[in-house]
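Participant: For reference, this is protein19.cif, and it has mmCIF, N, CA and C atoms.
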```cif
data_start
#
loop_
_atom_site.group_PDB
_atom_site.id
_atom_site.type_symbol
_atom_site.label_atom_id
_atom_site.label_comp_id
_atom_site.auth_asym_id
_atom_site.auth_seq_id
_atom_site.Cartn_x
_atom_site.Cartn_y
_atom_site.Cartn_z
ATOM 1 N N MET S 5 214.975 -338.859 -5.556
ATOM 2 C CA MET S 5 213.978 -337.889 -5.960
ATOM 3 C C MET S 5 212.707 -338.617 -6.407
ATOM 4 N N PHE S 6 211.597 -337.956 -6.177
ATOM 5 C CA PHE S 6 210.290 -338.523 -6.511
ATOM 6 C C PHE S 6 209.517 -337.499 -7.334
ATOM 7 N N GLU S 7 208.944 -337.926 -8.455
ATOM 8 C CA GLU S 7 208.157 -337.028 -9.292
ATOM 9 C C GLU S 7 206.709 -337.020 -8.809
ATOM 10 N N GLN S 8 206.233 -335.853 -8.373
ATOM 11 C CA GLN S 8 204.859 -335.683 -7.886
ATOM 12 C C GLN S 8 204.078 -334.877 -8.918
ATOM 13 N N HIS S 9 202.933 -335.383 -9.320
ATOM 14 C CA HIS S 9 202.087 -334.690 -10.285
ATOM 15 C C HIS S 9 201.045 -333.868 -9.530
ATOM 16 N N LEU S 10 200.744 -332.676 -10.069
ATOM 17 C CA LEU S 10 199.749 -331.815 -9.455
ATOM 18 C C LEU S 10 199.158 -330.892 -10.508
ATOM 19 N N GLN S 11 198.119 -330.162 -10.123
ATOM 20 C CA GLN S 11 197.484 -329.189 -11.002
ATOM 21 C C GLN S 11 197.854 -327.798 -10.499
ATOM 22 N N CYS S 12 198.415 -326.970 -11.374
ATOM 23 C CA CYS S 12 198.829 -325.635 -10.971
ATOM 24 C C CYS S 12 197.633 -324.875 -10.402
ATOM 25 N N PRO S 13 197.769 -324.281 -9.211
ATOM 26 C CA PRO S 13 196.650 -323.537 -8.619
ATOM 27 C C PRO S 13 196.363 -322.214 -9.324
ATOM 28 N N TYR S 14 197.216 -321.795 -10.233
ATOM 29 C CA TYR S 14 196.997 -320.560 -10.984
ATOM 30 C C TYR S 14 196.366 -320.834 -12.345
ATOM 31 N N CYS S 15 197.084 -321.586 -13.202
ATOM 32 C CA CYS S 15 196.634 -321.794 -14.583
ATOM 33 C C CYS S 15 195.879 -323.109 -14.779
ATOM 34 N N ARG S 16 195.865 -323.961 -13.754
ATOM 35 C CA ARG S 16 195.139 -325.238 -13.755
ATOM 36 C C ARG S 16 195.722 -326.283 -14.701
ATOM 37 N N GLU S 17 196.934 -326.063 -15.204
ATOM 38 C CA GLU S 17 197.585 -327.047 -16.067
ATOM 39 C C GLU S 17 198.197 -328.166 -15.218
ATOM 40 N N ALA S 18 198.266 -329.355 -15.786
ATOM 41 C CA ALA S 18 198.912 -330.488 -15.118
ATOM 42 C C ALA S 18 200.428 -330.304 -15.218
ATOM 43 N N ILE S 19 201.108 -330.380 -14.073
ATOM 44 C CA ILE S 19 202.559 -330.237 -14.028
ATOM 45 C C ILE S 19 203.127 -331.289 -13.082
ATOM 46 N N SER S 20 204.435 -331.348 -12.992
ATOM 47 C CA SER S 20 205.071 -332.245 -12.037
ATOM 48 C C SER S 20 206.235 -331.518 -11.374
ATOM 49 N N VAL S 21 206.544 -331.931 -10.148
ATOM 50 C CA VAL S 21 207.676 -331.386 -9.399
ATOM 51 C C VAL S 21 208.477 -332.554 -8.839
ATOM 52 N N LEU S 22 209.761 -332.320 -8.594
ATOM 53 C CA LEU S 22 210.609 -333.342 -7.997
ATOM 54 C C LEU S 22 210.756 -333.073 -6.504
ATOM 55 N N LEU S 23 210.486 -334.100 -5.695
ATOM 56 C CA LEU S 23 210.584 -333.992 -4.242
ATOM 57 C C LEU S 23 211.721 -334.885 -3.751
ATOM 58 N N ASP S 24 212.487 -334.378 -2.811
ATOM 59 C CA ASP S 24 213.611 -335.125 -2.241
ATOM 60 C C ASP S 24 213.105 -335.992 -1.094
ATOM 61 N N LEU S 25 213.104 -337.313 -1.289
ATOM 62 C CA LEU S 25 212.617 -338.236 -0.268
ATOM 63 C C LEU S 25 213.670 -338.533 0.792
ATOM 64 N N GLY S 26 214.883 -338.070 0.591
ATOM 65 C CA GLY S 26 215.953 -338.317 1.540
ATOM 66 C C GLY S 26 215.950 -337.374 2.730
ATOM 67 N N VAL S 27 215.106 -336.354 2.682
ATOM 68 C CA VAL S 27 215.016 -335.390 3.781
ATOM 69 C C VAL S 27 213.821 -335.772 4.641
ATOM 70 N N GLU S 28 214.083 -336.348 5.808
ATOM 71 C CA GLU S 28 213.010 -336.799 6.700
ATOM 72 C C GLU S 28 212.294 -335.623 7.347
ATOM 73 N N GLY S 29 211.023 -335.806 7.657
ATOM 74 C CA GLY S 29 210.242 -334.795 8.366
ATOM 75 C C GLY S 29 209.487 -333.881 7.420
ATOM 76 N N TYR S 30 209.082 -332.719 7.968
ATOM 77 C CA TYR S 30 208.308 -331.749 7.200
ATOM 78 C C TYR S 30 209.225 -330.924 6.309
ATOM 79 N N ASN S 31 208.786 -330.728 5.078
ATOM 80 C CA ASN S 31 209.546 -329.961 4.095
ATOM 81 C C ASN S 31 208.642 -328.903 3.487
ATOM 82 N N ASN S 32 209.190 -327.730 3.235
ATOM 83 C CA ASN S 32 208.461 -326.628 2.633
ATOM 84 C C ASN S 32 209.350 -326.064 1.533
ATOM 85 N N ILE S 33 208.884 -326.143 0.288
ATOM 86 C CA ILE S 33 209.657 -325.639 -0.833
ATOM 87 C C ILE S 33 208.784 -324.762 -1.718
ATOM 88 N N VAL S 34 209.402 -323.985 -2.579
ATOM 89 C CA VAL S 34 208.695 -323.175 -3.563
ATOM 90 C C VAL S 34 209.216 -323.575 -4.940
ATOM 91 N N GLU S 35 208.305 -323.951 -5.819
ATOM 92 C CA GLU S 35 208.634 -324.315 -7.202
ATOM 93 C C GLU S 35 207.782 -323.467 -8.136
ATOM 94 N N ASP S 36 208.358 -323.074 -9.253
ATOM 95 C CA ASP S 36 207.604 -322.332 -10.255
ATOM 96 C C ASP S 36 206.870 -323.300 -11.177
ATOM 97 N N CYS S 37 205.653 -322.916 -11.573
ATOM 98 C CA CYS S 37 204.876 -323.710 -12.522
ATOM 99 C C CYS S 37 205.648 -323.786 -13.839
ATOM 100 N N GLU S 38 205.664 -324.972 -14.457
ATOM 101 C CA GLU S 38 206.344 -325.175 -15.730
ATOM 102 C C GLU S 38 205.656 -324.431 -16.870
ATOM 103 N N VAL S 39 204.368 -324.094 -16.698
ATOM 104 C CA VAL S 39 203.584 -323.471 -17.760
ATOM 105 C C VAL S 39 203.514 -321.954 -17.588
ATOM 106 N N CYS S 40 203.020 -321.488 -16.432
ATOM 107 C CA CYS S 40 202.807 -320.049 -16.241
ATOM 108 C C CYS S 40 203.913 -319.375 -15.426
ATOM 109 N N CYS S 41 204.846 -320.144 -14.908
ATOM 110 C CA CYS S 41 206.029 -319.646 -14.177
ATOM 111 C C CYS S 41 205.709 -318.945 -12.857
ATOM 112 N N ARG S 42 204.528 -319.152 -12.307
ATOM 113 C CA ARG S 42 204.178 -318.534 -11.030
ATOM 114 C C ARG S 42 204.575 -319.454 -9.889
ATOM 115 N N PRO S 43 204.928 -318.895 -8.722
ATOM 116 C CA PRO S 43 205.436 -319.705 -7.611
ATOM 117 C C PRO S 43 204.344 -320.488 -6.886
ATOM 118 N N ILE S 44 204.651 -321.733 -6.593
ATOM 119 C CA ILE S 44 203.735 -322.620 -5.868
ATOM 120 C C ILE S 44 204.444 -323.064 -4.591
ATOM 121 N N GLU S 45 203.788 -322.875 -3.452
ATOM 122 C CA GLU S 45 204.337 -323.330 -2.177
ATOM 123 C C GLU S 45 203.921 -324.781 -1.973
ATOM 124 N N ILE S 46 204.899 -325.642 -1.736
ATOM 125 C CA ILE S 46 204.663 -327.076 -1.588
ATOM 126 C C ILE S 46 205.124 -327.506 -0.205
ATOM 127 N N GLU S 47 204.242 -328.213 0.493
ATOM 128 C CA GLU S 47 204.566 -328.761 1.813
ATOM 129 C C GLU S 47 204.354 -330.267 1.757
ATOM 130 N N TYR S 48 205.334 -331.001 2.284
ATOM 131 C CA TYR S 48 205.162 -332.454 2.339
ATOM 132 C C TYR S 48 205.914 -333.016 3.539
ATOM 133 N N TYR S 49 205.440 -334.173 3.984
ATOM 134 C CA TYR S 49 206.060 -334.872 5.100
ATOM 135 C C TYR S 49 206.605 -336.188 4.582
ATOM 136 N N CYS S 50 207.880 -336.430 4.847
ATOM 137 C CA CYS S 50 208.544 -337.635 4.372
ATOM 138 C C CYS S 50 209.027 -338.464 5.561
ATOM 139 N N ASP S 51 208.736 -339.775 5.533
ATOM 140 C CA ASP S 51 209.179 -340.687 6.585
ATOM 141 C C ASP S 51 209.597 -341.993 5.922
ATOM 142 N N GLU S 52 210.806 -342.446 6.207
ATOM 143 C CA GLU S 52 211.348 -343.690 5.659
ATOM 144 C C GLU S 52 211.259 -343.725 4.132
ATOM 145 N N ASN S 53 211.668 -342.618 3.510
ATOM 146 C CA ASN S 53 211.690 -342.479 2.053
ATOM 147 C C ASN S 53 210.320 -342.605 1.392
ATOM 148 N N GLU S 54 209.262 -342.269 2.134
ATOM 149 C CA GLU S 54 207.905 -342.256 1.591
ATOM 150 C C GLU S 54 207.230 -340.941 1.943
ATOM 151 N N ILE S 55 206.418 -340.427 1.021
ATOM 152 C CA ILE S 55 205.647 -339.223 1.295
ATOM 153 C C ILE S 55 204.396 -339.624 2.064
ATOM 154 N N LYS S 56 204.250 -339.075 3.251
ATOM 155 C CA LYS S 56 203.097 -339.390 4.105
ATOM 156 C C LYS S 56 201.983 -338.355 3.951
ATOM 157 N N SER S 57 202.351 -337.098 3.653
ATOM 158 C CA SER S 57 201.347 -336.066 3.383
ATOM 159 C C SER S 57 201.922 -335.090 2.369
ATOM 160 N N PHE S 58 201.025 -334.478 1.585
ATOM 161 C CA PHE S 58 201.440 -333.568 0.520
ATOM 162 C C PHE S 58 200.348 -332.536 0.306
ATOM 163 N N SER S 59 200.736 -331.269 0.235
ATOM 164 C CA SER S 59 199.786 -330.200 -0.084
ATOM 165 C C SER S 59 200.524 -329.087 -0.812
ATOM 166 N N TYR S 60 199.775 -328.277 -1.532
ATOM 167 C CA TYR S 60 200.364 -327.154 -2.255
ATOM 168 C C TYR S 60 199.331 -326.048 -2.393
ATOM 169 N N ASN S 61 199.831 -324.824 -2.601
ATOM 170 C CA ASN S 61 198.935 -323.674 -2.695
ATOM 171 C C ASN S 61 199.663 -322.521 -3.364
ATOM 172 N N THR S 62 198.889 -321.492 -3.681
ATOM 173 C CA THR S 62 199.481 -320.271 -4.206
ATOM 174 C C THR S 62 200.237 -319.569 -3.098
ATOM 175 N N ILE S 63 201.130 -318.685 -3.476
ATOM 176 C CA ILE S 63 201.787 -317.836 -2.490
ATOM 177 C C ILE S 63 200.964 -316.561 -2.424
ATOM 178 N N GLU S 64 200.522 -316.207 -1.225
ATOM 179 C CA GLU S 64 199.606 -315.080 -1.039
ATOM 180 C C GLU S 64 200.114 -313.831 -1.745
ATOM 181 N N GLY S 65 199.208 -313.191 -2.453
ATOM 182 C CA GLY S 65 199.554 -311.981 -3.187
ATOM 183 C C GLY S 65 199.903 -312.241 -4.636
ATOM 184 N N ASN S 66 199.937 -313.531 -5.055
ATOM 185 C CA ASN S 66 200.282 -313.865 -6.428
ATOM 186 C C ASN S 66 199.099 -314.471 -7.187
ATOM 187 N N GLU S 67 197.893 -314.255 -6.732
ATOM 188 C CA GLU S 67 196.729 -314.780 -7.425
ATOM 189 C C GLU S 67 196.389 -313.859 -8.599
ATOM 190 N N PHE S 68 195.630 -314.370 -9.555
ATOM 191 C CA PHE S 68 195.189 -313.550 -10.676
ATOM 192 C C PHE S 68 194.205 -312.527 -10.194
#
```
Go ahead and express the file in the form of structure tokens.

Facilitator:
Amino acid sequence: MFEQHLQCPYCREAISVLLDLGVEGYNNIVEDCEVCCRPIEIEYYCDENEIKSFSYNTIEGNEF
């Protein structure tokens, strides 16, 4: 597991999520913000136990 730090797209607080580096290829997960509990869609690409790309966004319809 790898701890990735990011800024919540809803409340703008600094949070972290755990990403599984053992799953090769493109991954799409949903994690709730540790502060405001709103869902964040996370996409990342993993190759040879390294994150090659990472992005995150709100889930449509859940904006303030």

Participant: Taking only N, CA and C atoms into account, which of S:Val27, S:Ile55, S:Tyr49, S:Cys37 comes nearest Pro13 (chain S)?

Facilitator: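 With only N, CA and C atoms as the atom set, the closest residue is S:Cys37.
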
Participant: Decode the PyMOL selection byres ((chain S and resi 19) around 6.5) for the given file into explicit residues and return them as a list in words.

Facilitator: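 Applied to this file, the PyMOL selection byres ((chain S and resi 19) around 6.5) selects Gln8, His9, Leu10, Gln11, Cys12, Glu17, Ala18, Ser20, Val21 and Glu38 of chain S.
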
Participant: Grab the CA of Gly26 (chain S) to CA of Thr62 (chain S) distance for me, in Å with one decimal place.

Facilitator: 25.1 Å

Participant: What's the separation between CA of Cys15 (chain S) and CA of Pro43 (chain S), in Å to one decimal place?

Facilitator: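 CA of Pro43 (chain S) lies 11.4 Å from CA of Cys15 (chain S).
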
Participant: So, counting only C-alpha atoms, which residue among S:Asp51, S:Leu22, S:Arg16, S:Ser59 is closest to Glu35 (chain S)?

Facilitator: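 That would be S:Leu22, the residue with the smallest distance to Glu35 (chain S).
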
Participant: Write down as a PyMOL selection string the residues of chain S whose backbone DSSP state falls under strand (DSSP E or B).

Facilitator: chain S and resi 6-11+18-23+29-36+43-51+54-62

Participant: State, in Å with one decimal place, the distance from CA of Ser57 (chain S) to CA of Arg42 (chain S).

Facilitator: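 Separating CA of Ser57 (chain S) from CA of Arg42 (chain S) is a distance of 22.9 Å.
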
Participant: Which of these, S:Val34, S:Gly29, S:Glu47, S:Asn61, has the shortest distance to Tyr14 (chain S) once you count all atoms listed in the file?

Facilitator: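 Answer, going by the shortest atom-to-atom distance: S:Asn61.
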
Participant: Let me have the centre and edge lengths in Å, one decimal, of the box along x, y and z around every listed atom of region 57-62 of chain S with 5 Å of margin on each side, as lines of an AutoDock Vina configuration file.

Facilitator:
```
center_x = 200.6
center_y = -328.3
center_z = -0.3
size_x = 13.5
size_y = 27.5
size_z = 17.9
```

Participant: Name the residues that the PyMOL selection byres ((chain S and resi 30) around 6) picks from the file above, as a list in words, using the file's chain letters and numbers.

Facilitator: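 So the PyMOL selection byres ((chain S and resi 30) around 6) ends up selecting Glu28, Gly29, Asn31, Asn32, Tyr48, Tyr49 and Cys50 of chain S.
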
Participant: Given the block above, output region 17-55 of chain S with C-alpha atoms as a PDB file, in the first residue's frame.

Facilitator:
```
ATOM      1  CA  GLU S  17      -8.635  20.056   3.407  1.00  0.00           C
ATOM      2  CA  ALA S  18      -5.394  18.082   3.092  1.00  0.00           C
ATOM      3  CA  ILE S  19      -6.103  14.342   3.333  1.00  0.00           C
ATOM      4  CA  SER S  20      -4.441  11.072   2.407  1.00  0.00           C
ATOM      5  CA  VAL S  21      -5.642   7.832   0.815  1.00  0.00           C
ATOM      6  CA  LEU S  22      -4.077   4.384   0.586  1.00  0.00           C
ATOM      7  CA  LEU S  23      -3.470   3.017  -2.918  1.00  0.00           C
ATOM      8  CA  ASP S  24      -2.740  -0.630  -3.702  1.00  0.00           C
ATOM      9  CA  LEU S  25       0.448  -0.766  -5.796  1.00  0.00           C
ATOM     10  CA  GLY S  26       0.098  -4.508  -6.325  1.00  0.00           C
ATOM     11  CA  VAL S  27      -2.716  -4.073  -8.846  1.00  0.00           C
ATOM     12  CA  GLU S  28      -1.104  -3.396 -12.233  1.00  0.00           C
ATOM     13  CA  GLY S  29      -2.771  -1.168 -14.824  1.00  0.00           C
ATOM     14  CA  TYR S  30      -5.544   1.400 -14.503  1.00  0.00           C
ATOM     15  CA  ASN S  31      -7.436   1.547 -11.222  1.00  0.00           C
ATOM     16  CA  ASN S  32     -10.594   3.463 -10.338  1.00  0.00           C
ATOM     17  CA  ILE S  33     -11.684   3.680  -6.707  1.00  0.00           C
ATOM     18  CA  VAL S  34     -13.981   5.821  -4.565  1.00  0.00           C
ATOM     19  CA  GLU S  35     -12.801   7.014  -1.140  1.00  0.00           C
ATOM     20  CA  ASP S  36     -14.609   9.275   1.297  1.00  0.00           C
ATOM     21  CA  CYS S  37     -12.881  12.438   2.517  1.00  0.00           C
ATOM     22  CA  GLU S  38     -11.571  12.021   6.080  1.00  0.00           C
ATOM     23  CA  VAL S  39     -12.901  15.498   6.966  1.00  0.00           C
ATOM     24  CA  CYS S  40     -16.219  16.097   5.161  1.00  0.00           C
ATOM     25  CA  CYS S  41     -17.037  12.429   4.336  1.00  0.00           C
ATOM     26  CA  ARG S  42     -17.949  13.181   0.707  1.00  0.00           C
ATOM     27  CA  PRO S  43     -16.978  10.678  -2.020  1.00  0.00           C
ATOM     28  CA  ILE S  44     -13.897  11.302  -4.151  1.00  0.00           C
ATOM     29  CA  GLU S  45     -13.307   9.368  -7.376  1.00  0.00           C
ATOM     30  CA  ILE S  46      -9.636   8.414  -7.692  1.00  0.00           C
ATOM     31  CA  GLU S  47      -7.989   7.115 -10.858  1.00  0.00           C
ATOM     32  CA  TYR S  48      -4.404   5.938 -11.022  1.00  0.00           C
ATOM     33  CA  TYR S  49      -2.145   3.851 -13.217  1.00  0.00           C
ATOM     34  CA  CYS S  50       0.300   1.468 -11.580  1.00  0.00           C
ATOM     35  CA  ASP S  51       3.225  -0.258 -13.333  1.00  0.00           C
ATOM     36  CA  GLU S  52       5.950  -2.307 -11.613  1.00  0.00           C
ATOM     37  CA  ASN S  53       4.746  -1.220  -8.155  1.00  0.00           C
ATOM     38  CA  GLU S  54       4.995   2.485  -9.047  1.00  0.00           C
ATOM     39  CA  ILE S  55       2.265   5.048  -9.655  1.00  0.00           C
TER      40      ILE S  55
END
```
